[in-house]
Amino acid sequence: MPSISRDEVAHLARLARLAVTDDELDLFAGQLDVILQSVSAVGDIATADIPPTSHAVPLTNVFREDVVRPSLGQAKTLAGAPAAEDGRFRVPRILGEEA
Amino acid sequence: MTSVADLMDYDEVVERFDPMLGLEVHVELHTKTKMFCGCANEFGGEPNTHVCPVCLAAPGALPVVNGIAVESAIKIGLALNCEIAEWCRFARKNYFYPDMPKNFQTSQYDEPIAFNGYLDVTLDDGEVFRVEIERAHMEEDTGKSLHVGGTAGRIHGAEHSLLDYNRAGVPLIEIVTKMIPGTAERAPEVARAYVSALRDLLKALDVSDVRMDQGSLRCDANVSLSPKETGVLGTRTETKNVNSLRSVERAVRFEMTRQAAILAEGGEIVQETRHFEEASGTTRAGRRKETAEDYRYFPEPDLVPIAPSREWVEELRLTLPEMPAQRRKRVQAEWKLTDAELRDLVNADAVDLVAATVEAGATSVEARSWWVSYLMQQANTRGVELGALPITPAQVAKVVALVNEGALTNKLAREVVIGVLDGEGEPEQVVEARGLKVVSDDSALEKAVDEALAAQPDVADKIRDGKVAAAGAIVGAVMKATKGQADAKRVRELVISRCS
Amino acid sequence: MSLIRSTAAELAAKIHGGEVSAVEVAQAHLDRISSVDKGINAFLHVDTEGALAAAKQVDDDVAAGRPVASPLAGVPLALKDVLVAEGMPTTCGSKILEGWHSPYDATVTRRLREAGVVILGKTNMDEFAMGSSTENSAYGPTHNPWDLDRIPGGSGGGSSAALAAFEAPLAIGTDTGGSIRQPGAVTGTVGVKPTYGSVSRYGLVAFSSSLDQAGPCARTVLDAALLHEVIAGYDDRDSTSINAPVPPVVAAAREGASGDLSGVRVGVVTQFSGEGYQPGVLASFEAAVEQLRQLGAEVVQVSCPSFDYALPAYYLIAPSEASSNLARFDAMRYGLRVGDDGSHGAEEVMSLTREAGFGAEVKRRIMIGTYALSSGYYDAYYGSAQKVRTLISRDFDAAFATVDVLVSPTTPTTAFKIGERSGDPMAMYKADLCTIPSNLAGNAAMNVPSGLSADDGLPVGLQIMAPPLQDHRMYRVAAAYEVARDAAQGGPLIQRVPQLEGI
Ligand SMILES: [Mg+2]
Ligand SMILES: [Zn+2]
């Protein structure tokens, strides 16, 4: 069963966008290991013939009518923004693929 | 930048390699509201005005599925000859990106609403090529970012970015083909023809604006090469940012010549995303990720499964309009068109226009001749698509009717059309305003004929001597005098009767 | 009895009868908060102005002879800070949302306002509802009014402590793995997790979407029922909302108060006893079961073997969903932003902000969830946990085929000392052992105090569980039990909370 390395913790932290410290890497590596060892017990009874349950109460086909509802408006939309410019959210430069 | 020396001659490429295609098309539905909230689904607009807690991903906000979007997805699936899932779900595709407010895209993963279909695509020479469809699934669009500073608008070197979430949450259907083998030298053409056929089909379904230039239809092209007849699959690249039908063809062709050159030198193709550069017709590598993406898909717990009943699916099937391919077959028979004539019509994107003109009273021959010749010329000179010309099929039919009544000559009719295109109003208004009525008053014509005969007595004598061919000079003079508003045939009759 | 020690039902009767004004009632509670909350830290925000204005509205209705908006119009309430409310900050106990004001009301908030309920302010909680002690709040722990050195339960410790400290007669909690019931148990208050889907989650800042459910907290069963009927009901903004009538919980509570449980079959879950259970807790539980029997209930033992796997399944599902739900806190659109000094790109600013803005428990769960959802591990972890959910639901179905309600201790121990378990996540997680199965299966469950533990004199809770949408069954049993308990113990348990004045 899993034994989580510091490298794996670092990879998870990168996926989850957490700039963890070195101390946290060690702490989390140890704690995740304990927790994951313990939760892996689910594998003992979760056999192939059992269907998974994703929703406690089974509902299907919940749809909305295609009718416009009022939006927040630009001012309210941007009210909580850390930074805004020209009616838009201002964010640090984005490195990545061009859309 | 790839230089020409890095490319293999296309004929050589297809001699040495078999291309394998895969096409992913994202289409924005033109529902009234977004996929999961009641914000207006409108192109453009002041930034961040079509935004609510749901599409902004405000803490606590929850999605609710737009029923019309689901209906559209099922219709698209049916039109693509797909099976419609009896039960399917949305999933979360987790990755961080500032244009995606929740930092996950609500999409479908292993349970698409439609799967296993095909689309028959007619190539330029009339051959029909079947493209198999893997799946069509529902998802949502992202917001738009604007990069400020550095090279204008480019992401690299930008100092900061500005985000507008008006487009965030707009319903998207992603249509994915199975791998398309056997296209050989026609791979670029098949790619273009497929996207074109898909566009026509979506237009017929009236589910999207299908404007490639505005991004409501976007195509990603996967291309790989395998050495001829080995069947060994090559490494593929995925080219994005392909914004027109012509670009689809060019992008595929370019990738083939680029990959072939690398393979011929014993190099390896890097599996990567590439971007098509419209201006140069080339592709360039996108940013390479250090680690493979791990989207950590799981069923969206904020939404419940979708289980379209078979009754609902059959009801929707009954609402499907005639598909473009069937329609073409039908009009070809009805209008008695040769394959070449039909192809011209299709290539000009004029089938609907001609049909509507016929509906408004013109014959198919008249309607066709207007749209594929004179109006096509006008579209070209004005730099717009035929359908974007500011003239309606009803107006064209009216012009045809005026010609048939003898109120307009063909030449005058063209002038009327120009007037309509220039925004001068309905055909009758243009006729009035420009004074384009055929001079049909015989007494006025007789006067003009007599004047012309008097002016050229020698010609008049020849006619009187039975040399009828000489009448042409008089007719010409009359037409000139009446500024072309006379019916030449009637003038000729008058000339001859005056001289007999 | 003083205004602050009255029940919500009593206060409502006095306000609607013009005997006392809603403003006086609100002011009495605001005064109480000023005098004791320094030592409790139940409130993260007190909305004095808003509360008095809402109270005045009710007084105006009464004065004008207009019908009051609801049976609870004018009664004050403490709102857990995980539900958004316009005009008040919402922090979820996290630094990452410090100072953030929601641009919209949660459906629960809207229903409370429409019912004329007076919202006093927002209560403290474990950050993003992750915890069982309220020690994980970025704004300091909440203290248990029964013993200020002890935890008030969690994540809704602010709400439970506010009730036990007589700062509010009603509160709203949210229960993902026991965050309403466990705080109720350790503070001697009533807490109900309604059937999943019966109270809208719109505006409840998500921890684990498939488990979260808001519910009423109060000092009596009837008060909880009255609040239940205000907040429950179909909402078209929540796709998982059940479009069915709200179970008749107030009628059931009144019926139960007659003290007759004959014909009711009660199942004791055999899995929830033995090792790890405090003797005083088990003794109190057994006494409660005996009392149910004396009220006429038929008591049988019921085995639910897969409940043993509920805790591991929960600690896979909840962190997995949380890792995705909390991705939106990225410094781009709202909340904290760290490191935006021109030298860092968006991705780095996101990472620096999340590192600085989230506490240790939140980060730990995000990491577990990220791991459990990873492509190579999905089937072994998240997928298997969802199968365990199926098995737990089957155990419940089988049990409810033979009994009307199930009972167990709400928590294995009484309130532990602040700091005692904070270094040991697994020990902390065990506080939710008995409450988690009902979150996984989505059925209704509640805590009703069963007395004080003989070991330490601290409150013990009885958990009553009912099938989905049969919430009224447990209210009936709880109300009957409450009457019998008070009779046997010489008055309401809650009145034995130590004096807090002058702390
Ligand atoms: Mg996609
Ligand atoms: Zn919206």
# chains A, B, ... in the order shown; residues from 1 in each chain; ligands from 1
call {"tool": "interface_residues", "arguments": {"of": "chain B", "to": "chain A", "cutoff": "7 Å", "atoms": "only C-alpha atoms", "output": "ChimeraX atom specification"}}
result
/B:32-33,38-40,47-52,64-68,155-156,158-164,286-287,301,304-307
call {"tool": "select_by_dssp", "arguments": {"residues": "segment 31-174 of chain B", "states": "strand (DSSP E)", "output": "ChimeraX atom specification"}}
result
/B:65-66,83-84,91-94,104-107,114-122,128-140,144-148,160-164,171-174
call {"tool": "write_last_selection", "arguments": {"atoms": "C-alpha atoms", "output": "PDB file, in the first residue's frame"}}
result
ATOM      1  CA  VAL B  65     -28.539  22.361 -16.235  1.00  0.00           C
ATOM      2  CA  ASN B  66     -30.156  24.237 -19.130  1.00  0.00           C
ATOM      3  CA  GLU B  83     -26.662   6.377 -29.989  1.00  0.00           C
ATOM      4  CA  ILE B  84     -28.142   8.519 -27.223  1.00  0.00           C
ATOM      5  CA  ALA B  91     -18.019  15.198 -14.478  1.00  0.00           C
ATOM      6  CA  ARG B  92     -15.548  17.714 -13.168  1.00  0.00           C
ATOM      7  CA  LYS B  93     -12.352  18.163 -15.140  1.00  0.00           C
ATOM      8  CA  ASN B  94      -9.997  19.665 -12.595  1.00  0.00           C
ATOM      9  CA  PHE B 104     -12.705  22.831 -12.976  1.00  0.00           C
ATOM     10  CA  GLN B 105     -14.669  22.522 -16.152  1.00  0.00           C
ATOM     11  CA  THR B 106     -18.046  20.884 -15.826  1.00  0.00           C
ATOM     12  CA  SER B 107     -17.902  18.489 -18.748  1.00  0.00           C
ATOM     13  CA  ALA B 114     -24.182  10.778 -27.597  1.00  0.00           C
ATOM     14  CA  PHE B 115     -21.699   8.290 -29.021  1.00  0.00           C
ATOM     15  CA  ASN B 116     -20.932   5.966 -31.926  1.00  0.00           C
ATOM     16  CA  GLY B 117     -22.184   7.866 -34.931  1.00  0.00           C
ATOM     17  CA  TYR B 118     -21.020   8.978 -38.334  1.00  0.00           C
ATOM     18  CA  LEU B 119     -21.237  11.833 -40.781  1.00  0.00           C
ATOM     19  CA  ASP B 120     -21.119  11.331 -44.541  1.00  0.00           C
ATOM     20  CA  VAL B 121     -19.030  14.006 -46.142  1.00  0.00           C
ATOM     21  CA  THR B 122     -19.138  14.869 -49.844  1.00  0.00           C
ATOM     22  CA  VAL B 128     -18.802  10.476 -50.283  1.00  0.00           C
ATOM     23  CA  PHE B 129     -16.444   9.817 -47.379  1.00  0.00           C
ATOM     24  CA  ARG B 130     -17.789   8.486 -44.094  1.00  0.00           C
ATOM     25  CA  VAL B 131     -16.305  10.029 -40.940  1.00  0.00           C
ATOM     26  CA  GLU B 132     -17.060   8.051 -37.807  1.00  0.00           C
ATOM     27  CA  ILE B 133     -18.048   9.956 -34.684  1.00  0.00           C
ATOM     28  CA  GLU B 134     -16.689   8.819 -31.339  1.00  0.00           C
ATOM     29  CA  ARG B 135     -18.856  11.033 -29.148  1.00  0.00           C
ATOM     30  CA  ALA B 136     -20.638  14.319 -28.685  1.00  0.00           C
ATOM     31  CA  HIS B 137     -20.685  15.629 -25.163  1.00  0.00           C
ATOM     32  CA  MET B 138     -21.834  18.688 -23.234  1.00  0.00           C
ATOM     33  CA  GLU B 139     -19.560  21.109 -21.462  1.00  0.00           C
ATOM     34  CA  GLU B 140     -19.094  24.827 -20.805  1.00  0.00           C
ATOM     35  CA  LYS B 144     -11.811  35.504 -22.128  1.00  0.00           C
ATOM     36  CA  SER B 145      -8.467  36.944 -21.162  1.00  0.00           C
ATOM     37  CA  LEU B 146      -6.832  40.029 -22.521  1.00  0.00           C
ATOM     38  CA  HIS B 147      -3.076  40.297 -22.152  1.00  0.00           C
ATOM     39  CA  VAL B 148      -1.748  43.740 -21.371  1.00  0.00           C
ATOM     40  CA  HIS B 160      -0.800  41.385 -16.515  1.00  0.00           C
ATOM     41  CA  SER B 161      -4.056  40.021 -17.828  1.00  0.00           C
ATOM     42  CA  LEU B 162      -7.652  41.180 -17.709  1.00  0.00           C
ATOM     43  CA  LEU B 163     -10.521  38.761 -17.437  1.00  0.00           C
ATOM     44  CA  ASP B 164     -14.054  38.976 -18.741  1.00  0.00           C
ATOM     45  CA  PRO B 171     -22.965  25.839 -23.447  1.00  0.00           C
ATOM     46  CA  LEU B 172     -20.542  23.906 -25.619  1.00  0.00           C
ATOM     47  CA  ILE B 173     -20.933  20.630 -27.429  1.00  0.00           C
ATOM     48  CA  GLU B 174     -17.666  18.879 -28.146  1.00  0.00           C
TER      49      GLU B 174
END
call {"tool": "interface_residues", "arguments": {"of": "chain B", "to": "chain C", "cutoff": "6 Å", "atoms": "only C-alpha atoms", "output": "PyMOL selection string"}}
result
chain B and resi 59-62+64+102-103+296+301+303
call {"tool": "residues_around", "arguments": {"residues": "Ala48 of chain A", "least_positions_apart": "5", "cutoff": "12 Å", "atoms": "only C-alpha atoms", "output": "list in words"}}
result
Gly43 of chain A; Asp379, Ala380, Gly383, Ser384, Gln386, Lys387 and Val388 of chain C
call {"tool": "select_by_dssp", "arguments": {"residues": "segment 80-248 of chain B", "states": "alpha helix (DSSP H)", "output": "PDB file with C-alpha atoms, in the first residue's frame"}}
result
ATOM      1  CA  ALA B 187      -6.554  14.242 -45.755  1.00  0.00           C
ATOM      2  CA  PRO B 188      -6.585  18.064 -45.819  1.00  0.00           C
ATOM      3  CA  GLU B 189      -9.642  18.064 -48.069  1.00  0.00           C
ATOM      4  CA  VAL B 190     -11.462  15.525 -45.899  1.00  0.00           C
ATOM      5  CA  ALA B 191     -10.745  17.620 -42.824  1.00  0.00           C
ATOM      6  CA  ARG B 192     -12.154  20.730 -44.448  1.00  0.00           C
ATOM      7  CA  ALA B 193     -15.133  18.906 -45.933  1.00  0.00           C
ATOM      8  CA  TYR B 194     -15.940  17.334 -42.568  1.00  0.00           C
ATOM      9  CA  VAL B 195     -15.963  20.635 -40.717  1.00  0.00           C
ATOM     10  CA  SER B 196     -17.954  22.188 -43.533  1.00  0.00           C
ATOM     11  CA  ALA B 197     -20.526  19.384 -43.485  1.00  0.00           C
ATOM     12  CA  LEU B 198     -20.734  19.555 -39.713  1.00  0.00           C
ATOM     13  CA  ARG B 199     -21.241  23.306 -39.879  1.00  0.00           C
ATOM     14  CA  ASP B 200     -24.082  22.912 -42.386  1.00  0.00           C
ATOM     15  CA  LEU B 201     -25.692  20.260 -40.242  1.00  0.00           C
ATOM     16  CA  LEU B 202     -25.518  22.386 -37.088  1.00  0.00           C
ATOM     17  CA  LYS B 203     -26.917  25.308 -39.023  1.00  0.00           C
ATOM     18  CA  ALA B 204     -29.809  23.183 -40.288  1.00  0.00           C
ATOM     19  CA  LEU B 205     -30.494  22.091 -36.700  1.00  0.00           C
ATOM     20  CA  LEU B 245     -12.569  26.136 -43.232  1.00  0.00           C
ATOM     21  CA  ARG B 246      -9.615  27.073 -45.368  1.00  0.00           C
ATOM     22  CA  SER B 247      -7.376  27.062 -42.306  1.00  0.00           C
ATOM     23  CA  VAL B 248      -8.483  23.543 -41.417  1.00  0.00           C
TER      24      VAL B 248
END
call {"tool": "residues_around", "arguments": {"residues": "segment 18-27 of chain A", "least_positions_apart": "4", "cutoff": "8 Å", "atoms": "only C-alpha atoms", "output": "PyMOL selection string"}}
result
(chain A and resi 6+9-10+13-14+31) or (chain C and resi 348+350-352+354-355+363)
call {"tool": "closest_residue", "arguments": {"among": "C:Thr435, C:Gln489, C:Ser198, C:Ser303", "to": "chain A", "atoms": "only C-alpha atoms"}}
result
C:Ser198
call {"tool": "residues_around", "arguments": {"residues": "Ser38 of chain A", "least_positions_apart": "5", "cutoff": "9 Å", "atoms": "only C-alpha atoms", "output": "list in words"}}
result
Asp33 of chain A; Pro312 and Met426 of chain C
call {"tool": "closest_residue", "arguments": {"among": "B:Cys82, B:Ile175, B:Leu56, B:Val70", "to": "ligand 1", "atoms": "only C-alpha atoms and all ligand atoms"}}
result
B:Ile175
call {"tool": "closest_residue", "arguments": {"among": "B:Ala85, B:Met35, B:Ala454, B:Met20", "to": "Pro63 of chain B", "atoms": "only C-alpha atoms"}}
result
B:Met35
call {"tool": "residues_around", "arguments": {"residues": "Glu446 of chain B", "least_positions_apart": "6", "cutoff": "9 Å", "atoms": "only C-alpha atoms", "output": "PyMOL selection string"}}
result
chain B and resi 491+494-495+498
call {"tool": "write_last_selection", "arguments": {"atoms": "C-alpha atoms", "output": "PDB file, in the first residue's frame"}}
result
ATOM      1  CA  VAL B 491     -37.712  48.642 -80.718  1.00  0.00           C
ATOM      2  CA  LEU B 494     -41.117  49.093 -84.482  1.00  0.00           C
ATOM      3  CA  VAL B 495     -38.145  49.866 -86.737  1.00  0.00           C
ATOM      4  CA  ARG B 498     -41.980  51.757 -89.775  1.00  0.00           C
TER       5      ARG B 498
END
call {"tool": "atom_distance", "arguments": {"atom1": "atom CA of Arg219 of chain C", "atom2": "atom CA of Ile151 of chain C"}}
result
18.2 Å
call {"tool": "residues_around", "arguments": {"residues": "Ile418 of chain B", "least_positions_apart": "3", "cutoff": "12 Å", "atoms": "only C-alpha atoms", "output": "list in words"}}
result
Tyr374, Leu375, Gln377, Gln378, Ala379, Arg382, Leu389, Pro390, Ile391, Gln395, Val396, Val399, Lys411, Leu412, Ala413, Arg414, Glu415, Leu421, Asp422, Gly423, Glu424, Gly425, Glu426, Pro427, Val430, Val431 and Arg434 of chain B
call {"tool": "write_last_selection", "arguments": {"atoms": "N, CA and C atoms", "output": "PDB file, in the first residue's frame"}}
result
ATOM      1  N   TYR B 374     -24.131  36.639 -60.693  1.00  0.00           N
ATOM      2  CA  TYR B 374     -24.007  38.068 -60.419  1.00  0.00           C
ATOM      3  C   TYR B 374     -23.823  38.378 -58.927  1.00  0.00           C
ATOM      4  N   LEU B 375     -24.659  37.750 -58.083  1.00  0.00           N
ATOM      5  CA  LEU B 375     -24.562  38.048 -56.648  1.00  0.00           C
ATOM      6  C   LEU B 375     -23.261  37.518 -56.048  1.00  0.00           C
ATOM      7  N   GLN B 377     -20.439  37.393 -57.624  1.00  0.00           N
ATOM      8  CA  GLN B 377     -19.444  38.428 -57.986  1.00  0.00           C
ATOM      9  C   GLN B 377     -19.499  39.586 -56.999  1.00  0.00           C
ATOM     10  N   GLN B 378     -20.733  40.016 -56.713  1.00  0.00           N
ATOM     11  CA  GLN B 378     -20.908  41.134 -55.791  1.00  0.00           C
ATOM     12  C   GLN B 378     -20.342  40.789 -54.403  1.00  0.00           C
ATOM     13  N   ALA B 379     -20.603  39.560 -53.973  1.00  0.00           N
ATOM     14  CA  ALA B 379     -20.094  39.132 -52.662  1.00  0.00           C
ATOM     15  C   ALA B 379     -18.568  39.191 -52.670  1.00  0.00           C
ATOM     16  N   ARG B 382     -17.336  42.724 -52.631  1.00  0.00           N
ATOM     17  CA  ARG B 382     -17.600  43.373 -51.347  1.00  0.00           C
ATOM     18  C   ARG B 382     -16.920  42.648 -50.181  1.00  0.00           C
ATOM     19  N   LEU B 389     -24.731  39.128 -47.921  1.00  0.00           N
ATOM     20  CA  LEU B 389     -25.109  40.262 -48.774  1.00  0.00           C
ATOM     21  C   LEU B 389     -26.437  40.841 -48.284  1.00  0.00           C
ATOM     22  N   PRO B 390     -26.552  42.154 -48.285  1.00  0.00           N
ATOM     23  CA  PRO B 390     -27.793  42.753 -47.769  1.00  0.00           C
ATOM     24  C   PRO B 390     -28.934  42.714 -48.777  1.00  0.00           C
ATOM     25  N   ILE B 391     -29.232  41.530 -49.242  1.00  0.00           N
ATOM     26  CA  ILE B 391     -30.390  41.368 -50.130  1.00  0.00           C
ATOM     27  C   ILE B 391     -31.058  40.056 -49.752  1.00  0.00           C
ATOM     28  N   GLN B 395     -36.367  39.610 -52.241  1.00  0.00           N
ATOM     29  CA  GLN B 395     -36.031  40.753 -53.092  1.00  0.00           C
ATOM     30  C   GLN B 395     -35.505  40.292 -54.444  1.00  0.00           C
ATOM     31  N   VAL B 396     -34.703  39.228 -54.420  1.00  0.00           N
ATOM     32  CA  VAL B 396     -34.203  38.684 -55.691  1.00  0.00           C
ATOM     33  C   VAL B 396     -35.377  38.191 -56.527  1.00  0.00           C
ATOM     34  N   VAL B 399     -37.149  41.027 -58.228  1.00  0.00           N
ATOM     35  CA  VAL B 399     -36.417  41.512 -59.413  1.00  0.00           C
ATOM     36  C   VAL B 399     -36.692  40.588 -60.599  1.00  0.00           C
ATOM     37  N   LYS B 411     -30.304  44.111 -67.912  1.00  0.00           N
ATOM     38  CA  LYS B 411     -29.296  45.112 -67.537  1.00  0.00           C
ATOM     39  C   LYS B 411     -29.834  46.011 -66.423  1.00  0.00           C
ATOM     40  N   LEU B 412     -31.083  46.447 -66.587  1.00  0.00           N
ATOM     41  CA  LEU B 412     -31.695  47.291 -65.563  1.00  0.00           C
ATOM     42  C   LEU B 412     -31.831  46.529 -64.251  1.00  0.00           C
ATOM     43  N   ALA B 413     -32.159  45.249 -64.377  1.00  0.00           N
ATOM     44  CA  ALA B 413     -32.340  44.424 -63.191  1.00  0.00           C
ATOM     45  C   ALA B 413     -31.060  44.424 -62.354  1.00  0.00           C
ATOM     46  N   ARG B 414     -29.923  44.353 -63.021  1.00  0.00           N
ATOM     47  CA  ARG B 414     -28.653  44.366 -62.278  1.00  0.00           C
ATOM     48  C   ARG B 414     -28.485  45.686 -61.540  1.00  0.00           C
ATOM     49  N   GLU B 415     -28.913  46.729 -62.181  1.00  0.00           N
ATOM     50  CA  GLU B 415     -28.797  48.036 -61.527  1.00  0.00           C
ATOM     51  C   GLU B 415     -29.703  48.111 -60.298  1.00  0.00           C
ATOM     52  N   LEU B 421     -28.514  46.428 -52.795  1.00  0.00           N
ATOM     53  CA  LEU B 421     -27.289  46.130 -52.030  1.00  0.00           C
ATOM     54  C   LEU B 421     -26.722  47.391 -51.388  1.00  0.00           C
ATOM     55  N   ASP B 422     -26.959  48.525 -52.039  1.00  0.00           N
ATOM     56  CA  ASP B 422     -26.433  49.778 -51.499  1.00  0.00           C
ATOM     57  C   ASP B 422     -27.389  50.414 -50.484  1.00  0.00           C
ATOM     58  N   GLY B 423     -28.426  49.664 -50.155  1.00  0.00           N
ATOM     59  CA  GLY B 423     -29.297  50.138 -49.079  1.00  0.00           C
ATOM     60  C   GLY B 423     -30.326  51.159 -49.519  1.00  0.00           C
ATOM     61  N   GLU B 424     -30.709  51.100 -50.802  1.00  0.00           N
ATOM     62  CA  GLU B 424     -31.671  52.100 -51.283  1.00  0.00           C
ATOM     63  C   GLU B 424     -33.115  51.632 -51.153  1.00  0.00           C
ATOM     64  N   GLY B 425     -33.314  50.494 -50.510  1.00  0.00           N
ATOM     65  CA  GLY B 425     -34.678  50.045 -50.241  1.00  0.00           C
ATOM     66  C   GLY B 425     -35.090  48.851 -51.084  1.00  0.00           C
ATOM     67  N   GLU B 426     -36.393  48.652 -51.160  1.00  0.00           N
ATOM     68  CA  GLU B 426     -36.965  47.538 -51.907  1.00  0.00           C
ATOM     69  C   GLU B 426     -36.735  47.747 -53.408  1.00  0.00           C
ATOM     70  N   PRO B 427     -36.759  46.652 -54.199  1.00  0.00           N
ATOM     71  CA  PRO B 427     -36.533  46.791 -55.646  1.00  0.00           C
ATOM     72  C   PRO B 427     -37.410  47.875 -56.277  1.00  0.00           C
ATOM     73  N   VAL B 430     -36.088  51.259 -55.624  1.00  0.00           N
ATOM     74  CA  VAL B 430     -34.873  51.545 -56.400  1.00  0.00           C
ATOM     75  C   VAL B 430     -35.253  51.904 -57.829  1.00  0.00           C
ATOM     76  N   VAL B 431     -36.186  51.138 -58.405  1.00  0.00           N
ATOM     77  CA  VAL B 431     -36.641  51.410 -59.769  1.00  0.00           C
ATOM     78  C   VAL B 431     -37.150  52.847 -59.849  1.00  0.00           C
ATOM     79  N   ARG B 434     -34.219  55.515 -59.052  1.00  0.00           N
ATOM     80  CA  ARG B 434     -33.187  55.621 -60.084  1.00  0.00           C
ATOM     81  C   ARG B 434     -33.790  55.813 -61.482  1.00  0.00           C
TER      82      ARG B 434
END
